[in-house]
Amino acid sequence: MPQWSDYSTGERIKILRGREIRQSDLAEMTGLSVVTVQKAEQDKTLSLQTLLAIANALSVDTSVILGQQAPRRAQAQDDRTMIRDLSRAVHDTAAGILPHDVEPISLEQLREITDRCWTHYWAGRYVEAGAVVGPFITAAAAFLHDQADGEQAEAWQVLSDAYRIAAYTANLMGARDLAYASIGHAQTAAERGADDMRVALVRSGRSWVYLRDARLPEALELAERSATDIEPRFSKATPEEMTAYGSHVNFAAVVASRMGDKARAADYLSQSHAAGARLGREVRAHGTLFGPVSATTQAVGIKVALGQTGAALDLIDSVTDVSSLTEAAQHRYAMDKALAQADAKLWDQSLDTLEETLRAAPVWARHQTLPGVIVQRIGRASTARLRRVSELIGVSPTGASDRFPSATRKSAL
């Protein structure tokens with residue numbers, strides 16, 4: 001399988017342009033002639049001015065076009081543009097740089113935008129979430145700037161939420177440096193907002209960044225600390241407090257399972273199920289959704305990670321309705337279910353589950369690595385079916401991507 005650096009510069013431009021952008025479209029986007037674009041893709045001529053114009057239009061660094069750095073896996077033009085704009089918003093506001101024409105917005109409006117961002121995110125519309133949160137960060141920073149000293153706490157809290165959503169979006173899309181920067185700014189804002197719950201939420205968010213960066217011991221330490229800091233008294237806890245605690249302790253179980261710590265994972269799972277039972281229903285609060293169905297479906301992935309396939313299948317049998325979950329949570333549960341079926345050598349069932357989800361949620365699936373892991377696990381199935389599913393996720397039946405290295409079970413955290 002060729003590496004990104006093995007392609008010529010012209011080939012890399014063509015790959016980055018993709019099917020959705022024609023040569024004439026790229027010419028219009030750059031202000032170059034079609035002939036100039038054609039010559040660049042044919043490796044005939046590529047001036048510095050042309051290189052910079054094409055890189056800007058395709059929303060990548062010049063180093064990516066020159067083969068010095070590989071692009072992120074599965075990112076399309078819209079993805080790259082969103083990440084670039086989001087990065088500018090995060091770094092500029094953190095440096096105190098605001099546009100001159102930013103319009104004033106009320107605290108109530110900012111909170112409504114927070115909800116809108118989470119709605120996009122939990123529906124699996126990550127590009128839309130990132131496109132909204134970029135201007136949201138700028139608006140929140142401008143609102144903070146307009147508040148008098150001693151009256152800024154609520155503004156800092158909203159800004160913390162905005163940075164946290166940016167971190168989650170960047171982390172999921174593989175923009176790790178942006179995720180680290182965003183979650184760091186979220187932490188500073190949460191601390192200045194003097195809100196213990198937001199501080200814990202941000203700490204849990206940093207744990208997730210560590211998890212996807214394979215920093216497992218640090219991720220577990222942060223996840224445990226986050227859950228402990230907000231552990232409520234069950235008899236007096238509000239639904240919102242129980243939701244935050246349940247989601248935090250469940251995430252601690254996830255991290256423990258990735259480390260292979262069965263005892264720790266089991267302990268946290270027990271607490272997660274207890275929190276879900278206490279709620280009795282799915283409750284949305286603090287940018288997340290948690291309840292008894294969440295506790296059970298997320299336990300499936302934890303059991304699979306621990307190699308407890310039989311227990312995972314038993315849990316799957318107990319789940320009859322997932323409609324109360326967010327769309328993204330439903331799709332993720334389907335991936336965990338497909339992986340459990342593959343581990344149990346239920347090849348056809350696994351492919352059925354995988355293909356159904358890929359066709360129902362192609363936009364969500366485009367940003368996931370777990371489907372590639374599942375295809376690698378399926379050892380016996382119809383070649384035609386494997387090929388059909390593989391085409392949906394852009395990998396070969398052996399798991400090799402046509403452009404970039406395929407995911408492993410660890411990188412699909």
# chains A, B, ... in the order shown; residues from 1 in each chain; ligands from 1
>>> residues_around(residues="Ser270 (chain A)", least_positions_apart="6", cutoff="12 Å", atoms="only C-alpha atoms", output="PyMOL selection string")
chain A and resi 246+249-250+252-253+263-264+276-277+292+295-296+299
>>> residues_around(residues="Ser160 (chain A)", least_positions_apart="6", cutoff="12 Å", atoms="only C-alpha atoms", output="number ranges by chain")
A: 90, 94, 110-111, 114, 133, 136-137, 140-141, 144, 153-154, 166-167, 182-195, 197-203, 205, 286
>>> residues_around(residues="region 354-363 of chain A", least_positions_apart="2", cutoff="12 Å", atoms="only C-alpha atoms", output="number ranges by chain")
A: 74-76, 78-79, 123-128, 327-342, 347-352, 365-368, 370-375, 378, 385-394
>>> residues_around(residues="His100 (chain A)", least_positions_apart="6", cutoff="12 Å", atoms="only C-alpha atoms", output="PyMOL selection string")
chain A and resi 138-139+142
>>> write_last_selection(atoms="all heavy atoms", output="tab-separated table (two decimals), in the first residue's frame")
chain	number	residue	atom	x	y	z
A	138	THR	N	-16.20	32.83	19.05
A	138	THR	CA	-15.94	34.26	18.84
A	138	THR	C	-16.99	35.11	19.54
A	138	THR	O	-16.66	36.11	20.21
A	138	THR	CB	-15.91	34.58	17.34
A	138	THR	OG1	-14.90	33.78	16.70
A	138	THR	CG2	-15.61	36.05	17.10
A	139	ALA	N	-18.26	34.73	19.40
A	139	ALA	CA	-19.34	35.50	20.04
A	139	ALA	C	-19.24	35.44	21.56
A	139	ALA	O	-19.46	36.44	22.25
A	139	ALA	CB	-20.69	34.96	19.58
A	142	ALA	N	-16.43	37.65	22.70
A	142	ALA	CA	-16.82	39.05	22.61
A	142	ALA	C	-17.75	39.43	23.76
A	142	ALA	O	-17.64	40.53	24.33
A	142	ALA	CB	-17.51	39.31	21.27
>>> residues_around(residues="Thr50 (chain A)", least_positions_apart="6", cutoff="9 Å", atoms="only C-alpha atoms", output="list of chain:residue names")
A:Thr30, A:Leu32, A:Thr36, A:Val37, A:Ala40
>>> select_by_dssp(residues="region 94-277 of chain A", states="alpha helix (DSSP H)", output="PyMOL selection string")
chain A and resi 94+107-122+126-146+153-172+176-192+196-212+216-229+239-258+262-277
>>> closest_residue(among="A:Arg212, A:Arg233, A:His145, A:Lys345", to="Thr93 (chain A)", atoms="only C-alpha atoms")
A:His145
>>> atom_distance(atom1="CA of Val102 (chain A)", atom2="CA of Ala129 (chain A)")
19.8 Å
>>> atom_distance(atom1="CA of Asp267 (chain A)", atom2="CA of Ala244 (chain A)")
17.6 Å
>>> select_by_dssp(residues="region 118-366 of chain A", states="strand (DSSP E or B)", output="list in words")
Val283, Arg284, Ala285, Thr288, Leu289 and Phe290 of chain A
>>> residues_around(residues="Phe234 (chain A)", least_positions_apart="5", cutoff="12 Å", atoms="only C-alpha atoms", output="PyMOL selection string")
chain A and resi 239-243+245-246+271+274-279
>>> closest_residue(among="A:Gln157, A:Gln3, A:Thr369, A:Ser87", to="Gln69 (chain A)", atoms="only C-alpha atoms")
A:Gln3
